[in-house]
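Student: Okay, here's the structure, questions in a sec.
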Amino acid sequence: MTVEIPVEKWSGKVIEVALGATAEEGGTRTHAVTVGGQTTLPFLHFEGAIPYPPRIAIEISDQRPGDWSPLLLEAWGDVVKDPAAWAKAAEEAGAELILLQLSLTKDGDTPVTVADAQAVTRQVLDATGLPLIVFGPGQVDADNELLVAVAEEASGERLLLGICEEKNYRTIVAAALAHNHLVTARTAMDVNLAKQLNILISDMGLPLNRIVMDPTSAALGYGMEYGYSVMERLRIAALQGDKMTQLPMLVTVGYEAWRQKESKVGVGVPEAWGEWEERAILWETLTTTTLIESGADIVIMRHPEAVRRARVFIDRLMGK
Amino acid sequence: MALTGLQIYKLLPQTNCKECGYPTCLAFAMKLAAKQAELADCPYVSEEAKAQLAAAAAPPVRLVTVEGPGHKIEVGNETVLFRHEKTFFHQPGLFVRVKDTTPVAEIKAAVEAAMGYAVEYVGMSLHLDGVAVEAASGDAATFKAAVAAVLEVTDRALILMAADAALLETGLSATNGTRPLLYAATAENWEPVAALAKAKNSPLVVRADSLDEMAELTEKIKGAGVQDMVLDPAVRGLADTLVTLTQLRRLALKKNFRPLGFPLITFPGEVAEDLLDEAAFASQHIAKYGGFIVLDRFTPASAYALLALRANIYTNPQEPIKVQPGIYEINDPKPASPLMVTTNFSITYFSVANEVDGSGVPGWLLVADAEGMSVLTAWAAGKFDAERIAKAVKSTGIEDKISHKKLVIPGHVSVLLGELEEELPGWEILVGPREAVDLAGFLKLWNA
């Protein structure tokens with residue numbers, strides 16, 4: 001009996017977005033990292049093109065992160081005090097992109113200044129040839145002030161700047177436009193909100209191939225399925241030809257997985273949760289693997305062992 | 001695939017005799033299509049039409065039940081490729097494999113650990129579903145002893161794995177009163193294995209190296225009288241499994257291809273390097289179309305992660321999980337500890353509860369019945385207004401547990417402040433942060 005395999009004929013394609021600029025392109029990165037370009041659902045190689053694998057970014061911070069799980073601090077060791085050393089360690093751990101997370105304050109409660117943000121961006125750019133993602137502290141005024149300064153400092157590097165949200169995107173987009181960077185657009189787990197923000201940003205003149213969507217992720221056990229399904233819907237819409245959904249997707253799985261109790265703490269938890277480190281790495285790994293299969297193009301991770309696991313997972317899915 | 005009213009009409013006598021209670025055969029057909037009438041109400045329908053209608057009404061992925069002495073698991077009857085299209089209905093069975101070459105005492109210990117495992121998640125107690133016993137020894141007596149040993153320590157469902165019908169039959173003889181899943185019929189052994197499955201009314205796994213061979217084999221086995229089948233397409237790699245399981249689900253749902261319309265079984269441990277690797281494989285099979293997932297490794301942490309993932313993926317997207325409205329005590333609160341209110345949408349609740357918990361500050365969390373919506377959605381829909389919040393305060397008896405009259409409301413609904421002060425005379429209403437993530441800082445200040 002010959003079984004006829006159903007093949008979907010998709011008309012749409014995910015837009016290719018290149019992060020980082022090499023010397024020829026006006027930057028200093030050793031190579032650019034491209035995502036997108038798919039013409040089918042994740043890893044269904046038999047019916048379409050999947051030109052690029054999902055990319056792993058490792059999150060580092062400008063300050064030693066005070067609120068991170070001891071497991072993470074232990075895994076990275078002394079480099080958490082030195083963003084340049086941390087960036088190098090992240091590259092060695094398998095990062096294809098570095099996320100530099102800027103803080104609101106340093107040494108307790110002194111605000112991080114424009115000069116601080118520029119200096120740390122420069123240090124990280126000097127320490128690694130990988131393309132860089134830079135996120136502001138998450139407060140509107142500080143984000144705008146610091147990201148504009150970072151955009152100037154790294155002019156031409158094609159950084160991915162974030163986070164643009166509906167309530168605050170104009171200043172960041174303008175900085176990206178002025179200095180040849182990209183932006184990430186975050187919306188709250190909703191297909192229409194995602195489209196709307198993409199429209200608002202592209203209306204400012206930023207081409208779609210300089211926008212990455214962050215549909216908002218959640219950790220395993222904490223609403224991950226909502227993000228999972230929104231990502232599946234966005235990707236299906238993209239393949240059906242809905243232009244404003246055709247952007248690559250980014251998920252902050254490390255942040256999400258490691259702020260949950262399962263990963264963060266080892267005492268005062270139910271015995272059934274099992275061994276702490278094993279559980280914590282599983283939590284980040286399975287949040288990542290599941291969202292990769294729902295369409296994530298960039299996964300921002302934290303633990304080197306979870307990164308190693310995700311790397312193997314991606315290689316296998318890409319047929320390596 | 002369900003037939004339309006017109007398609008059903010063509011199979012009816014078309015005499016408009018009205019004996020079914022409807023004025024015309026067409027009206028009756030429409031009711032049948034809407035599943036509001038029973039075909040048996042038509043006294044004149046032909047046997048052929050009955051057979052055709054029954055076949056059309058059968059689910060595209062057959063529901064297969066596997067039963068142990070005290071538990072059963074049903075898998076199949078799925079109707080969508082993506083959970084957002086409706087929902088996934090029957091969670092894949094998570095089984096742990098033991099081999100009969102392992103000493104009986106070790107088998108028992110492994111089964112007790114895995115089957116005795118339970119974890120609380122979102123108010124549910126989650127556990128694994130059963131044990132796969134493999135006749136790795138190839139020896140009938142050894143296999144039988146292993147099966148008997150497993151059943152001494154668990155009443156969950158079983159999968160019996162053996163290379164031939166004789167071994168399977170011996171294993172089955174130790175499982176009286178249960179309905180294990182038999183593994184596996186192949187192109188070589190299908191005749192005796194199918195005969196055994198038919199005689200014992202056991203569901204049967206069919207394994208083949210290609211979908212063409214698989215479809216031929218299931219048709220033959222169906223012809224031998226076995227209806228309840230499970231498919232092992234004999235792929236093990238991550239990329240191949242995703243592709244093959246997706247193709248099988250598509251064939252069943254989009255083509256209504258009966259020969260492959262059965263639940264699927266996977267063995268993530270067979271190619272995985274270690275426990276975490278196996279869990280990563282299993283995560284794919286949970287999300288993408290696994291029906292029975294046979295694990296080779298078990299630890300509490302891996303079981304918890306996979307059970308939580310399964311619960312997440314199989315949550316009905318149309319009905320967000322809610323938590324019970326009421327008072328939740330976090331970090332052993334005292335009468336002077338802060339009182340916060342939020343909604344009963346599970347994510348909202350868990351975000352808030354987790355942040356309060358993580359802050360180390362003891363607190364009372366009042367969860368109002370907002371019909372399972374998040375704070376902003378519920379407020380916009382009028383399900384989280386001053387009246388509802390006041391009702392929650394009054395109906396839960398929280399006033400008797402605390403020594404103050406201060407209520408923290410989410411920053412997103414600061415507009416409710418005035419109304420709430422009217423609804424709750426004598427109370428001081430405080431506006432908290434908009435996002436749960438800022439609660440820890442807020443609580444530390446509030447306490448000071």
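Numbering starts fresh at 1 for the residues of each chain in the structure tokens, the chains themselves are lettered A, B, ... in the order given, and ligands are numbered from 1 as they appear.
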List as a ChimeraX atom specification the protein and nucleic acid residues near Glu399 (chain B), meaning an atom at most 12 Å away when only C-alpha atoms are counted, but skip any in the same chain fewer than 4 places from it.
Tutor: /B:327,335-336,339,364,366,390,392-395,403-407,424,426-427
Student: With a distance threshold of 6 Å and counting only C-alpha atoms, extract the residues of chain B near chain A and express them as a list in words.
Tutor: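 Contact residues on the first chain: His84, Val119, Asp212, Glu216, Leu238, Ala239, Val243, Pro300, Ala301, Ala308, Asn312, Ile313 and Ile347 of chain B.
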Student: Go ahead and write the residues just picked, N, CA, C and O atoms, as a compact mmCIF listing (two decimals), in the first residue's frame.
Tutor:
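Dumped everything to out_1.txt:
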```txt
# COMPACT_ATOMS: atom_id res chain seq x y z
N HIS B 84 -4.34 25.06 19.87
CA HIS B 84 -5.18 26.26 19.82
C HIS B 84 -6.41 26.08 18.93
O HIS B 84 -7.35 26.86 19.03
N VAL B 119 3.18 14.13 42.45
CA VAL B 119 3.58 15.51 42.71
C VAL B 119 2.36 16.42 42.58
O VAL B 119 1.51 16.22 41.71
N ASP B 212 4.01 2.82 4.55
CA ASP B 212 3.35 1.91 3.59
C ASP B 212 3.17 0.53 4.21
O ASP B 212 2.07 -0.05 4.18
N GLU B 216 -0.39 -1.49 5.50
CA GLU B 216 -0.74 -2.86 5.08
C GLU B 216 -0.95 -3.76 6.29
O GLU B 216 -1.88 -4.55 6.35
N LEU B 238 15.33 12.52 16.73
CA LEU B 238 14.47 13.66 17.07
C LEU B 238 13.77 14.24 15.84
O LEU B 238 12.56 14.49 15.85
N ALA B 239 14.54 14.47 14.76
CA ALA B 239 13.97 15.07 13.56
C ALA B 239 13.01 14.09 12.88
O ALA B 239 11.89 14.45 12.50
N VAL B 243 8.84 14.49 12.28
CA VAL B 243 8.27 14.44 10.93
C VAL B 243 7.26 13.28 10.81
O VAL B 243 6.13 13.47 10.35
N PRO B 300 12.63 11.80 40.38
CA PRO B 300 11.53 12.71 40.72
C PRO B 300 11.58 14.00 39.90
O PRO B 300 10.54 14.47 39.41
N ALA B 301 12.75 14.57 39.71
CA ALA B 301 12.84 15.85 38.99
C ALA B 301 12.38 15.70 37.54
O ALA B 301 11.64 16.54 37.02
N ALA B 308 4.45 18.12 34.43
CA ALA B 308 4.01 19.51 34.33
C ALA B 308 3.84 19.90 32.86
O ALA B 308 2.86 20.54 32.48
N ASN B 312 0.46 21.09 30.98
CA ASN B 312 0.41 22.38 30.26
C ASN B 312 -0.12 22.20 28.84
O ASN B 312 -1.05 22.89 28.40
N ILE B 313 0.48 21.27 28.11
CA ILE B 313 0.12 21.10 26.70
C ILE B 313 -1.32 20.62 26.56
O ILE B 313 -2.02 21.02 25.63
N ILE B 347 -2.46 31.75 35.84
CA ILE B 347 -1.16 32.40 35.64
C ILE B 347 -1.02 33.60 36.56
O ILE B 347 0.02 33.82 37.18
```
Student: Name the residues in contact with Glu153 (chain A) at a cut-off of 8 Å, using only C-alpha atoms, excluding same-chain residues fewer than 4 positions from it; report them as number ranges by chain.
Tutor: A: 118, 121-122, 149
Student: When DSSP works through the backbone of this structure, what residues of region 206-247 of chain A end up as alpha helix (DSSP H), shown as a ChimeraX atom specification?
Tutor: /A:224-239
Student: How would you write, as a ChimeraX atom specification, the set of residues in region 74-266 of chain A that DSSP gives as strand (DSSP E)?
Tutor: /A:97-101,105-106,110-111,132-135,160-164,182-186,211-214,250-251
Student: Filtering to N, CA, C and O atoms, could you give me those residues as a short mmCIF file (atom, residue, chain, number, x, y, z; two decimals), in the first residue's frame?
Tutor:
```cif
data_model
loop_
_atom_site.label_atom_id
_atom_site.label_comp_id
_atom_site.auth_asym_id
_atom_site.auth_seq_id
_atom_site.Cartn_x
_atom_site.Cartn_y
_atom_site.Cartn_z
N LEU A 97 24.99 34.28 20.21
CA LEU A 97 24.66 35.69 20.43
C LEU A 97 24.84 35.96 21.91
O LEU A 97 24.70 35.05 22.73
N ILE A 98 25.14 37.22 22.24
CA ILE A 98 25.24 37.58 23.65
C ILE A 98 24.14 38.60 23.95
O ILE A 98 23.98 39.57 23.20
N LEU A 99 23.37 38.35 25.01
CA LEU A 99 22.46 39.38 25.50
C LEU A 99 23.15 40.09 26.66
O LEU A 99 23.48 39.47 27.67
N LEU A 100 23.34 41.38 26.50
CA LEU A 100 23.83 42.20 27.61
C LEU A 100 22.63 42.87 28.25
O LEU A 100 21.96 43.71 27.64
N GLN A 101 22.34 42.47 29.48
CA GLN A 101 21.22 43.05 30.22
C GLN A 101 21.73 44.19 31.08
O GLN A 101 22.57 43.99 31.94
N THR A 105 20.54 50.03 38.54
CA THR A 105 21.46 50.62 39.52
C THR A 105 22.73 49.78 39.63
O THR A 105 22.77 48.65 39.18
N LYS A 106 23.74 50.39 40.23
CA LYS A 106 24.98 49.68 40.51
C LYS A 106 25.36 49.92 41.97
O LYS A 106 24.91 50.91 42.57
N THR A 110 23.10 53.45 43.31
CA THR A 110 23.53 54.50 42.37
C THR A 110 22.99 54.16 40.99
O THR A 110 23.18 53.03 40.53
N PRO A 111 22.33 55.09 40.31
CA PRO A 111 21.81 54.76 38.99
C PRO A 111 22.94 54.45 37.99
O PRO A 111 24.01 55.05 38.04
N LEU A 132 25.54 41.23 19.23
CA LEU A 132 25.11 41.58 20.59
C LEU A 132 23.64 42.00 20.63
O LEU A 132 23.16 42.70 19.73
N ILE A 133 22.98 41.54 21.67
CA ILE A 133 21.63 42.01 21.99
C ILE A 133 21.77 42.84 23.25
O ILE A 133 22.50 42.43 24.17
N VAL A 134 21.15 44.01 23.32
CA VAL A 134 21.22 44.81 24.54
C VAL A 134 19.80 45.15 24.99
O VAL A 134 19.01 45.71 24.22
N PHE A 135 19.49 44.76 26.23
CA PHE A 135 18.19 45.09 26.82
C PHE A 135 18.38 46.16 27.88
O PHE A 135 19.30 46.06 28.71
N LEU A 160 20.78 44.16 18.45
CA LEU A 160 19.34 44.00 18.64
C LEU A 160 18.99 44.69 19.96
O LEU A 160 19.44 44.26 21.02
N LEU A 161 18.24 45.81 19.87
CA LEU A 161 17.93 46.62 21.05
C LEU A 161 16.54 46.28 21.58
O LEU A 161 15.58 46.14 20.81
N GLY A 162 16.44 46.18 22.89
CA GLY A 162 15.13 45.88 23.44
C GLY A 162 14.98 46.46 24.84
O GLY A 162 15.96 46.86 25.45
N ILE A 163 13.77 46.55 25.32
CA ILE A 163 12.62 45.90 24.71
C ILE A 163 11.62 46.95 24.27
O ILE A 163 11.23 47.79 25.11
N CYS A 164 11.18 46.89 23.01
CA CYS A 164 10.11 47.78 22.56
C CYS A 164 8.76 47.19 22.98
O CYS A 164 8.50 46.02 22.73
N LEU A 182 18.83 46.92 15.20
CA LEU A 182 17.56 46.22 15.10
C LEU A 182 16.83 46.39 16.43
O LEU A 182 17.45 46.74 17.44
N VAL A 183 15.53 46.07 16.46
CA VAL A 183 14.81 46.11 17.73
C VAL A 183 14.02 44.83 17.93
O VAL A 183 13.69 44.12 16.98
N THR A 184 13.74 44.56 19.21
CA THR A 184 12.86 43.46 19.54
C THR A 184 11.56 44.03 20.09
O THR A 184 11.56 44.98 20.87
N ALA A 185 10.44 43.47 19.61
CA ALA A 185 9.11 44.00 19.90
C ALA A 185 8.34 43.01 20.75
O ALA A 185 8.01 41.92 20.31
N ARG A 186 8.08 43.41 21.98
CA ARG A 186 7.40 42.48 22.89
C ARG A 186 5.92 42.83 23.07
O ARG A 186 5.57 43.98 23.30
N ILE A 211 13.41 43.81 12.65
CA ILE A 211 12.56 43.64 13.83
C ILE A 211 12.46 42.15 14.17
O ILE A 211 12.30 41.31 13.27
N VAL A 212 12.60 41.85 15.44
CA VAL A 212 12.37 40.49 15.94
C VAL A 212 11.21 40.58 16.93
O VAL A 212 11.15 41.51 17.72
N MET A 213 10.28 39.61 16.86
CA MET A 213 9.13 39.64 17.78
C MET A 213 9.44 38.83 19.03
O MET A 213 10.01 37.75 18.94
N ASP A 214 8.99 39.36 20.15
CA ASP A 214 9.01 38.60 21.39
C ASP A 214 7.56 38.48 21.84
O ASP A 214 7.00 39.40 22.41
N LEU A 250 11.69 35.65 19.26
CA LEU A 250 12.70 35.55 20.33
C LEU A 250 11.98 35.20 21.63
O LEU A 250 10.89 35.71 21.89
N VAL A 251 12.58 34.32 22.42
CA VAL A 251 11.98 34.01 23.72
C VAL A 251 13.04 34.10 24.82
O VAL A 251 14.19 33.70 24.64
#
```
Student: Between B:Lys108, B:Lys144, B:Arg97, B:Lys254, which one has atoms that come closest to Glu270 (chain B), using only C-alpha atoms?
Tutor: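 The answer is B:Arg97, which sits nearest to Glu270 (chain B).
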Student: Skipping near chain neighbours, those fewer than 4 positions away, what residues fall within 7 Å of Ala165 (chain B) using only C-alpha atoms, listed as a list in words?
Tutor: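 Skipping anything fewer than 4 positions along the chain leaves Glu169, Pro192, Val193 and Leu196 of chain B.
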Student: State, in Å with one decimal place, the distance from CA of Thr343 (chain B) to CA of Trp446 (chain B).
Tutor: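 So the two atoms, CA of Thr343 (chain B) and CA of Trp446 (chain B), lie 21.2 Å apart.
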Student: Give me the residues within 9 Å of region 379-382 of chain B as a PyMOL selection string, counting only C-alpha atoms and dropping any in the same chain fewer than 3 places off.
Tutor: chain B and resi 370+373-376+385+388+412-413
Student: For the atom pair CA of His90 (chain B) and CA of Pro320 (chain B), what is the interatomic distance in Å to one decimal place?
Tutor: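 Separating CA of His90 (chain B) from CA of Pro320 (chain B) is a distance of 17.1 Å.
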Student: Looking at A:Glu74, A:Asp242, A:Glu91, A:Glu24, which one is nearest to Val191 (chain A), with distances taken over only C-alpha atoms?
Tutor: A:Asp242
Student: List the spatial neighbours of Gly241 (chain A) as a list in words - criterion: any atom at most 7 Å away, only C-alpha atoms, same-chain residues fewer than 2 positions off excluded.
Tutor: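 Answer for this query is Ser11, Gly12, Ala237, Ala238, Leu239 and Lys243 of chain A.
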Student: Identify, on the basis of only C-alpha atoms, every residue whose closest approach to Ser346 (chain B) does not exceed 6 Å; exclude the query and any residue fewer than 2 positions from it along the same chain; express the result as a list of chain:residue names.
Tutor: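 Neighbouring residues, sequence-local ones excluded: B:Ile321, B:Lys322, B:Val323, B:Asn344, B:Thr348, B:Tyr349, B:Phe350.
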Student: Keeping only all heavy atoms, take the residues you just selected and write them out as a PDB file, in the first residue's frame.
Tutor:
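Done, and the output landed in again21.pdb:
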```
ATOM      1  N   ILE B 321      -7.096  27.449  32.998  1.00  0.00           N
ATOM      2  CA  ILE B 321      -7.196  26.838  34.329  1.00  0.00           C
ATOM      3  C   ILE B 321      -7.318  27.925  35.372  1.00  0.00           C
ATOM      4  O   ILE B 321      -6.601  28.912  35.369  1.00  0.00           O
ATOM      5  CB  ILE B 321      -6.006  25.911  34.694  1.00  0.00           C
ATOM      6  CG1 ILE B 321      -4.739  26.272  33.943  1.00  0.00           C
ATOM      7  CG2 ILE B 321      -6.372  24.459  34.521  1.00  0.00           C
ATOM      8  CD1 ILE B 321      -3.526  25.575  34.475  1.00  0.00           C
ATOM      9  N   LYS B 322      -8.248  27.668  36.273  1.00  0.00           N
ATOM     10  CA  LYS B 322      -8.498  28.631  37.336  1.00  0.00           C
ATOM     11  C   LYS B 322      -8.065  28.014  38.644  1.00  0.00           C
ATOM     12  O   LYS B 322      -7.997  26.801  38.781  1.00  0.00           O
ATOM     13  CB  LYS B 322     -10.004  28.891  37.435  1.00  0.00           C
ATOM     14  CG  LYS B 322     -10.665  29.334  36.153  1.00  0.00           C
ATOM     15  CD  LYS B 322     -12.147  29.477  36.387  1.00  0.00           C
ATOM     16  CE  LYS B 322     -12.952  29.074  35.176  1.00  0.00           C
ATOM     17  NZ  LYS B 322     -14.388  29.132  35.397  1.00  0.00           N
ATOM     18  N   VAL B 323      -7.792  28.880  39.580  1.00  0.00           N
ATOM     19  CA  VAL B 323      -7.594  28.379  40.930  1.00  0.00           C
ATOM     20  C   VAL B 323      -8.846  28.704  41.732  1.00  0.00           C
ATOM     21  O   VAL B 323      -9.650  29.562  41.355  1.00  0.00           O
ATOM     22  CB  VAL B 323      -6.335  28.974  41.612  1.00  0.00           C
ATOM     23  CG1 VAL B 323      -5.084  28.504  40.899  1.00  0.00           C
ATOM     24  CG2 VAL B 323      -6.382  30.485  41.643  1.00  0.00           C
ATOM     25  N   ASN B 344      -8.495  34.895  39.974  1.00  0.00           N
ATOM     26  CA  ASN B 344      -8.307  33.447  40.040  1.00  0.00           C
ATOM     27  C   ASN B 344      -7.847  32.841  38.715  1.00  0.00           C
ATOM     28  O   ASN B 344      -7.953  31.641  38.518  1.00  0.00           O
ATOM     29  CB  ASN B 344      -9.589  32.761  40.522  1.00  0.00           C
ATOM     30  CG  ASN B 344     -10.723  32.869  39.523  1.00  0.00           C
ATOM     31  OD1 ASN B 344     -10.843  33.860  38.812  1.00  0.00           O
ATOM     32  ND2 ASN B 344     -11.547  31.851  39.447  1.00  0.00           N
ATOM     33  N   THR B 348      -2.100  34.364  36.663  1.00  0.00           N
ATOM     34  CA  THR B 348      -2.076  35.525  37.547  1.00  0.00           C
ATOM     35  C   THR B 348      -1.798  35.065  38.967  1.00  0.00           C
ATOM     36  O   THR B 348      -0.910  35.579  39.650  1.00  0.00           O
ATOM     37  CB  THR B 348      -3.426  36.267  37.474  1.00  0.00           C
ATOM     38  OG1 THR B 348      -3.660  36.611  36.120  1.00  0.00           O
ATOM     39  CG2 THR B 348      -3.429  37.504  38.338  1.00  0.00           C
ATOM     40  N   TYR B 349      -2.575  34.080  39.381  1.00  0.00           N
ATOM     41  CA  TYR B 349      -2.402  33.590  40.747  1.00  0.00           C
ATOM     42  C   TYR B 349      -0.975  33.108  40.989  1.00  0.00           C
ATOM     43  O   TYR B 349      -0.342  33.483  41.969  1.00  0.00           O
ATOM     44  CB  TYR B 349      -3.397  32.460  41.052  1.00  0.00           C
ATOM     45  CG  TYR B 349      -3.016  31.719  42.304  1.00  0.00           C
ATOM     46  CD1 TYR B 349      -3.266  32.265  43.559  1.00  0.00           C
ATOM     47  CD2 TYR B 349      -2.330  30.502  42.232  1.00  0.00           C
ATOM     48  CE1 TYR B 349      -2.853  31.626  44.718  1.00  0.00           C
ATOM     49  CE2 TYR B 349      -1.914  29.852  43.389  1.00  0.00           C
ATOM     50  CZ  TYR B 349      -2.182  30.415  44.626  1.00  0.00           C
ATOM     51  OH  TYR B 349      -1.754  29.782  45.755  1.00  0.00           O
ATOM     52  N   PHE B 350      -0.477  32.277  40.069  1.00  0.00           N
ATOM     53  CA  PHE B 350       0.852  31.722  40.300  1.00  0.00           C
ATOM     54  C   PHE B 350       1.945  32.792  40.208  1.00  0.00           C
ATOM     55  O   PHE B 350       2.927  32.740  40.937  1.00  0.00           O
ATOM     56  CB  PHE B 350       1.137  30.552  39.360  1.00  0.00           C
ATOM     57  CG  PHE B 350       0.444  29.293  39.803  1.00  0.00           C
ATOM     58  CD1 PHE B 350      -0.691  28.845  39.169  1.00  0.00           C
ATOM     59  CD2 PHE B 350       0.919  28.591  40.902  1.00  0.00           C
ATOM     60  CE1 PHE B 350      -1.346  27.706  39.610  1.00  0.00           C
ATOM     61  CE2 PHE B 350       0.276  27.450  41.350  1.00  0.00           C
ATOM     62  CZ  PHE B 350      -0.859  27.002  40.701  1.00  0.00           C
TER      63      PHE B 350
END
```
Student: Hey, which of B:Ala140, B:Leu94, B:Leu264, B:Ala146 ends up closest to Ala282 (chain B)? Count only C-alpha atoms.
Tutor: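 Between B:Ala140, B:Leu94, B:Leu264, B:Ala146, the residue approaching Ala282 (chain B) most closely is B:Leu94.
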